[in-house]
Amino acid sequence: MAEGERHSPPDSSEDIPPATQNFIIPKKEIHTVPDMGKWKRSQAYADYIGFILTLNEGVKGKKLTFEYKVSEEAENLVATVVPTHLAAAVPEVAVYLKESVGNSTRIDYGTGHEAAFAAFLCCLCKIGVLRVDDQIAIVFKVFDRYLEVMRKLQKTYRMEPAGSQGVWGLDDFQFLPFIWGSSQLIDHPYLEPRHFVDEKAVNENHKDYMFLECILFITEMKTGPFAEHSNQLWNISAVPSWSKVNQGLIRMYKAECLEKFPVIQHFKFGSLLPIHPVTSC
């Protein structure tokens with residue numbers, strides 16, 4: 001985690017809404033570029049980036065095959081989505097899930113859709129369905145499965161990358177697995193950033209590390225020299241340590257995704273991720 005970036009997890013007990021809370025259908029609030037100021041000052045932004053960084057810390061140094069414990073509440077999620085006493089939250093939370101699989105008209109997908117899925121998970125934490133003990137499972141089990149589904153859709157429907165920066169972007173479709181994947185590799189005994197451009201290293205270790213899974217998928221989808229079709233990643237491979245890679249990717253995510261109007265104009269706000277300014281503790 002970048003220094004000075006520590007946040008309390010958004011699923012602490014004081015954040016769990018009472019059963020009497022008035023849940024609302026999330027809607028767009030960012031209509032013009034000047035509205036971006038509201039987003040960066042909002043409770044939604046604070047909760048969202050806090051959630052991303054909490055998971056980033058939780059998976060540090062762990063493999064995808066790590067033995068994680070899933071709380072009882074997470075089992076309820078699989079069976080019934082949310083417990084009966086929180087049924088009123090379903091329409092609000094479901095909006096983020098619907099927004100997370102791409103646009104059915106344009107047949108495109110990008111980091112904004114990925115952010116919607118992360119927001120969906122964040123909301124489940126805020127209502128107490130997922131808990132802080134589940135943070136490793138959230139990344140390794142739920143989010144990794146989401147990546148598998150989206151990669152299958154990308155291959156099957158040849159989805160267009162939404163808002164891609166082409167060769168100058170990190171990746172056509174995803175960003176978060178690079179952040180969490182680099183955290184996994186911090187202090188690894190022998191894998192260094194320079195190894196992710198080595199085909200043998202990727203093939204031998206991708207099942208354990210999310211970052212290397214991403215690299216393998218890129219090499220399966222693109223042809224030609226890696227330095228040409230993924231120049232940003234090629235440059236990152238020269239960074240001396242995974243901790244520096246991780247810190248740099250967090251800064252890049254804020255600048256290139258969370259602070260870009262074309263991405264955030266589609267984000268929706270409700271009672272769980274509200275647009276109102278963050279309140280000081």
# chains A, B, ... in the order shown; residues from 1 in each chain; ligands from 1
>>> residues_around(residues="Tyr209 of chain A", least_positions_apart="5", cutoff="8 Å", atoms="only C-alpha atoms", output="MDAnalysis selection string")
chainID A and resid 63:64 181 184:185
>>> write_last_selection(atoms="N, CA, C and O atoms", output="PDB file, in the first residue's frame")
ATOM      1  N   LYS A  63      -0.635 -16.295  -2.288  1.00  0.00           N
ATOM      2  CA  LYS A  63      -0.928 -16.908  -3.577  1.00  0.00           C
ATOM      3  C   LYS A  63      -2.436 -17.031  -3.779  1.00  0.00           C
ATOM      4  O   LYS A  63      -3.221 -16.991  -2.833  1.00  0.00           O
ATOM      5  N   LEU A  64      -2.833 -17.225  -5.053  1.00  0.00           N
ATOM      6  CA  LEU A  64      -4.240 -17.445  -5.358  1.00  0.00           C
ATOM      7  C   LEU A  64      -4.758 -18.727  -4.706  1.00  0.00           C
ATOM      8  O   LEU A  64      -5.953 -18.878  -4.481  1.00  0.00           O
ATOM      9  N   GLY A 181      -2.570  -7.918  -7.881  1.00  0.00           N
ATOM     10  CA  GLY A 181      -1.593  -8.923  -8.282  1.00  0.00           C
ATOM     11  C   GLY A 181      -0.170  -8.530  -7.945  1.00  0.00           C
ATOM     12  O   GLY A 181       0.649  -9.373  -7.564  1.00  0.00           O
ATOM     13  N   GLN A 184       0.344  -9.129  -4.239  1.00  0.00           N
ATOM     14  CA  GLN A 184       0.619 -10.544  -3.973  1.00  0.00           C
ATOM     15  C   GLN A 184       2.109 -10.858  -4.042  1.00  0.00           C
ATOM     16  O   GLN A 184       2.615 -11.702  -3.318  1.00  0.00           O
ATOM     17  N   LEU A 185       2.802 -10.204  -4.971  1.00  0.00           N
ATOM     18  CA  LEU A 185       4.190 -10.545  -5.270  1.00  0.00           C
ATOM     19  C   LEU A 185       5.209  -9.770  -4.443  1.00  0.00           C
ATOM     20  O   LEU A 185       6.418  -9.982  -4.583  1.00  0.00           O
TER      21      LEU A 185
END
>>> closest_atom_pairs(of="segment 95-169 of chain A", to="segment 17-37 of chain A", cutoff="12 Å", atoms="only C-alpha atoms", output="tab-separated table")
residue	atom	partner	partner_atom	distance
A:Val95	CA	A:Pro26	CA	6.9
A:Tyr96	CA	A:Pro26	CA	8.4
A:Leu97	CA	A:Pro26	CA	11.8
A:Lys98	CA	A:Pro26	CA	11.7
A:Glu99	CA	A:Pro26	CA	11.0
A:Ala116	CA	A:Pro26	CA	11.5
A:Ala119	CA	A:Pro26	CA	11.5
A:Phe120	CA	A:Pro26	CA	11.5
A:Cys123	CA	A:Pro17	CA	10.5
A:Leu124	CA	A:Pro17	CA	11.0
A:Cys125	CA	A:Pro17	CA	10.5
A:Lys126	CA	A:Pro17	CA	7.3
A:Ile127	CA	A:Pro17	CA	5.8
A:Gly128	CA	A:Pro17	CA	8.3
A:Val129	CA	A:Pro17	CA	11.2
>>> write_last_selection(atoms="all heavy atoms", output="compact mmCIF listing (two decimals), in the first residue's frame")
# COMPACT_ATOMS: atom_id res chain seq x y z
N VAL A 95 -27.78 -2.81 -8.94
CA VAL A 95 -27.44 -1.87 -10.02
C VAL A 95 -25.96 -1.99 -10.39
O VAL A 95 -25.59 -2.02 -11.57
CB VAL A 95 -27.78 -0.42 -9.62
CG1 VAL A 95 -27.13 0.59 -10.57
CG2 VAL A 95 -29.29 -0.24 -9.60
N TYR A 96 -25.09 -2.08 -9.39
CA TYR A 96 -23.65 -2.15 -9.65
C TYR A 96 -23.27 -3.47 -10.34
O TYR A 96 -22.39 -3.48 -11.20
CB TYR A 96 -22.88 -1.97 -8.34
CG TYR A 96 -23.09 -0.61 -7.73
CD1 TYR A 96 -23.94 -0.44 -6.63
CD2 TYR A 96 -22.48 0.52 -8.27
CE1 TYR A 96 -24.15 0.81 -6.07
CE2 TYR A 96 -22.69 1.78 -7.72
CZ TYR A 96 -23.53 1.92 -6.62
OH TYR A 96 -23.75 3.17 -6.09
N LEU A 97 -23.95 -4.55 -9.96
CA LEU A 97 -23.68 -5.83 -10.62
C LEU A 97 -24.08 -5.77 -12.09
O LEU A 97 -23.35 -6.23 -12.97
CB LEU A 97 -24.42 -6.96 -9.90
CG LEU A 97 -24.19 -8.36 -10.44
CD1 LEU A 97 -22.71 -8.74 -10.38
CD2 LEU A 97 -25.03 -9.38 -9.68
N LYS A 98 -25.26 -5.18 -12.35
CA LYS A 98 -25.72 -5.06 -13.74
C LYS A 98 -24.77 -4.22 -14.59
O LYS A 98 -24.60 -4.47 -15.78
CB LYS A 98 -27.12 -4.44 -13.76
CG LYS A 98 -28.21 -5.33 -13.17
CD LYS A 98 -29.53 -4.58 -13.09
CE LYS A 98 -30.58 -5.39 -12.37
NZ LYS A 98 -31.86 -4.63 -12.19
N GLU A 99 -24.16 -3.21 -13.96
CA GLU A 99 -23.27 -2.31 -14.69
C GLU A 99 -21.88 -2.91 -14.92
O GLU A 99 -21.07 -2.32 -15.61
CB GLU A 99 -23.10 -1.00 -13.89
CG GLU A 99 -24.36 -0.19 -13.72
CD GLU A 99 -24.67 0.69 -14.92
OE1 GLU A 99 -23.72 1.27 -15.47
OE2 GLU A 99 -25.85 0.77 -15.30
N ALA A 116 -17.50 -0.90 -11.41
CA ALA A 116 -18.86 -1.19 -10.97
C ALA A 116 -18.91 -2.50 -10.19
O ALA A 116 -19.63 -2.61 -9.19
CB ALA A 116 -19.81 -1.25 -12.16
N ALA A 119 -17.46 -1.86 -6.87
CA ALA A 119 -18.45 -1.11 -6.08
C ALA A 119 -19.53 -2.06 -5.55
O ALA A 119 -20.01 -1.91 -4.42
CB ALA A 119 -19.08 -0.02 -6.92
N PHE A 120 -19.92 -3.04 -6.36
CA PHE A 120 -20.88 -4.06 -5.95
C PHE A 120 -20.36 -4.81 -4.71
O PHE A 120 -21.08 -4.97 -3.72
CB PHE A 120 -21.11 -5.02 -7.12
CG PHE A 120 -21.80 -6.31 -6.76
CD1 PHE A 120 -23.13 -6.33 -6.38
CD2 PHE A 120 -21.11 -7.52 -6.83
CE1 PHE A 120 -23.77 -7.52 -6.07
CE2 PHE A 120 -21.74 -8.71 -6.52
CZ PHE A 120 -23.07 -8.72 -6.13
N CYS A 123 -20.37 -2.53 -1.67
CA CYS A 123 -21.71 -2.40 -1.09
C CYS A 123 -22.07 -3.62 -0.25
O CYS A 123 -22.69 -3.49 0.82
CB CYS A 123 -22.74 -2.19 -2.20
SG CYS A 123 -22.71 -0.55 -2.96
N LEU A 124 -21.70 -4.81 -0.72
CA LEU A 124 -21.96 -6.01 0.06
C LEU A 124 -21.23 -5.97 1.40
O LEU A 124 -21.74 -6.46 2.42
CB LEU A 124 -21.54 -7.26 -0.72
CG LEU A 124 -22.38 -7.60 -1.96
CD1 LEU A 124 -21.83 -8.84 -2.65
CD2 LEU A 124 -23.85 -7.81 -1.60
N CYS A 125 -20.04 -5.37 1.40
CA CYS A 125 -19.31 -5.19 2.66
C CYS A 125 -20.03 -4.17 3.55
O CYS A 125 -20.14 -4.36 4.76
CB CYS A 125 -17.89 -4.72 2.38
SG CYS A 125 -16.80 -6.00 1.72
N LYS A 126 -20.53 -3.11 2.95
CA LYS A 126 -21.14 -2.05 3.73
C LYS A 126 -22.44 -2.49 4.40
O LYS A 126 -22.82 -1.96 5.45
CB LYS A 126 -21.39 -0.81 2.87
CG LYS A 126 -20.10 -0.15 2.40
CD LYS A 126 -20.30 1.30 2.00
CE LYS A 126 -20.49 2.18 3.21
NZ LYS A 126 -20.58 3.61 2.89
N ILE A 127 -23.14 -3.46 3.80
CA ILE A 127 -24.36 -3.95 4.45
C ILE A 127 -24.10 -5.19 5.30
O ILE A 127 -25.02 -5.76 5.88
CB ILE A 127 -25.48 -4.24 3.42
CG1 ILE A 127 -25.10 -5.36 2.47
CG2 ILE A 127 -25.88 -2.97 2.68
CD1 ILE A 127 -26.23 -5.78 1.52
N GLY A 128 -22.82 -5.60 5.38
CA GLY A 128 -22.45 -6.67 6.29
C GLY A 128 -22.58 -8.07 5.73
O GLY A 128 -22.40 -9.05 6.46
N VAL A 129 -22.88 -8.21 4.43
CA VAL A 129 -22.96 -9.54 3.83
C VAL A 129 -21.57 -10.14 3.70
O VAL A 129 -21.36 -11.32 3.96
CB VAL A 129 -23.66 -9.46 2.45
CG1 VAL A 129 -23.58 -10.79 1.72
CG2 VAL A 129 -25.11 -9.04 2.63
>>> atom_distance(atom1="atom CA of Ala227 of chain A", atom2="atom CA of Val263 of chain A")
26.4 Å
>>> atom_distance(atom1="atom CA of His113 of chain A", atom2="atom CA of Leu272 of chain A")
18.1 Å
>>> residues_around(residues="segment 236-241 of chain A", least_positions_apart="4", cutoff="8 Å", atoms="only C-alpha atoms", output="compact mmCIF listing (two decimals) with all heavy atoms, in the first residue's frame")
# COMPACT_ATOMS: atom_id res chain seq x y z
N ILE A 186 4.75 -8.87 -3.60
CA ILE A 186 5.67 -8.10 -2.75
C ILE A 186 6.48 -9.05 -1.87
O ILE A 186 5.93 -9.95 -1.23
CB ILE A 186 4.91 -7.07 -1.90
CG1 ILE A 186 4.38 -5.94 -2.80
CG2 ILE A 186 5.80 -6.49 -0.81
CD1 ILE A 186 3.49 -4.94 -2.09
N GLU A 192 10.71 -11.34 -9.60
CA GLU A 192 10.86 -9.90 -9.62
C GLU A 192 10.06 -9.33 -10.79
O GLU A 192 9.65 -10.09 -11.69
CB GLU A 192 12.34 -9.53 -9.76
CG GLU A 192 13.21 -10.07 -8.63
CD GLU A 192 14.70 -9.82 -8.88
OE1 GLU A 192 15.03 -9.13 -9.88
OE2 GLU A 192 15.52 -10.34 -8.11
N PRO A 193 9.82 -8.01 -10.80
CA PRO A 193 9.07 -7.44 -11.92
C PRO A 193 9.61 -7.80 -13.30
O PRO A 193 8.84 -8.00 -14.24
CB PRO A 193 9.17 -5.93 -11.65
CG PRO A 193 9.25 -5.84 -10.16
CD PRO A 193 10.09 -7.01 -9.75
N ARG A 194 10.92 -7.93 -13.43
CA ARG A 194 11.52 -8.25 -14.73
C ARG A 194 11.09 -9.63 -15.23
O ARG A 194 11.15 -9.91 -16.43
CB ARG A 194 13.05 -8.19 -14.64
CG ARG A 194 13.68 -9.19 -13.68
CD ARG A 194 15.17 -8.93 -13.50
NE ARG A 194 15.76 -9.81 -12.49
CZ ARG A 194 16.26 -11.02 -12.75
NH1 ARG A 194 16.25 -11.46 -14.00
NH2 ARG A 194 16.78 -11.75 -11.79
N HIS A 195 10.62 -10.50 -14.34
CA HIS A 195 10.27 -11.85 -14.73
C HIS A 195 8.91 -11.95 -15.43
O HIS A 195 8.63 -12.96 -16.08
CB HIS A 195 10.27 -12.78 -13.51
CG HIS A 195 11.64 -13.06 -12.99
ND1 HIS A 195 12.03 -12.79 -11.69
CD2 HIS A 195 12.74 -13.59 -13.58
CE1 HIS A 195 13.29 -13.14 -11.52
NE2 HIS A 195 13.74 -13.61 -12.66
N PHE A 196 8.04 -10.93 -15.29
CA PHE A 196 6.72 -11.09 -15.88
C PHE A 196 6.72 -10.96 -17.40
O PHE A 196 5.70 -11.22 -18.05
CB PHE A 196 5.66 -10.18 -15.21
CG PHE A 196 5.68 -8.73 -15.59
CD1 PHE A 196 5.23 -8.30 -16.84
CD2 PHE A 196 6.09 -7.76 -14.68
CE1 PHE A 196 5.19 -6.95 -17.17
CE2 PHE A 196 6.06 -6.42 -15.00
CZ PHE A 196 5.61 -6.01 -16.25
N VAL A 197 7.86 -10.56 -17.98
CA VAL A 197 7.96 -10.57 -19.44
C VAL A 197 8.70 -11.81 -19.93
O VAL A 197 9.00 -11.94 -21.12
CB VAL A 197 8.65 -9.28 -19.97
CG1 VAL A 197 7.78 -8.07 -19.72
CG2 VAL A 197 10.03 -9.10 -19.33
N GLN A 232 3.41 0.07 -21.81
CA GLN A 232 3.38 0.50 -20.40
C GLN A 232 3.83 -0.62 -19.48
O GLN A 232 4.60 -0.41 -18.54
CB GLN A 232 1.97 0.96 -20.02
CG GLN A 232 1.63 2.38 -20.45
CD GLN A 232 2.17 3.42 -19.47
OE1 GLN A 232 3.21 3.24 -18.86
NE2 GLN A 232 1.46 4.52 -19.32
N VAL A 245 6.18 -1.07 -7.77
CA VAL A 245 5.18 -1.30 -8.82
C VAL A 245 3.79 -1.07 -8.26
O VAL A 245 2.96 -0.37 -8.86
CB VAL A 245 5.30 -2.73 -9.39
CG1 VAL A 245 4.11 -3.05 -10.30
CG2 VAL A 245 6.60 -2.91 -10.17
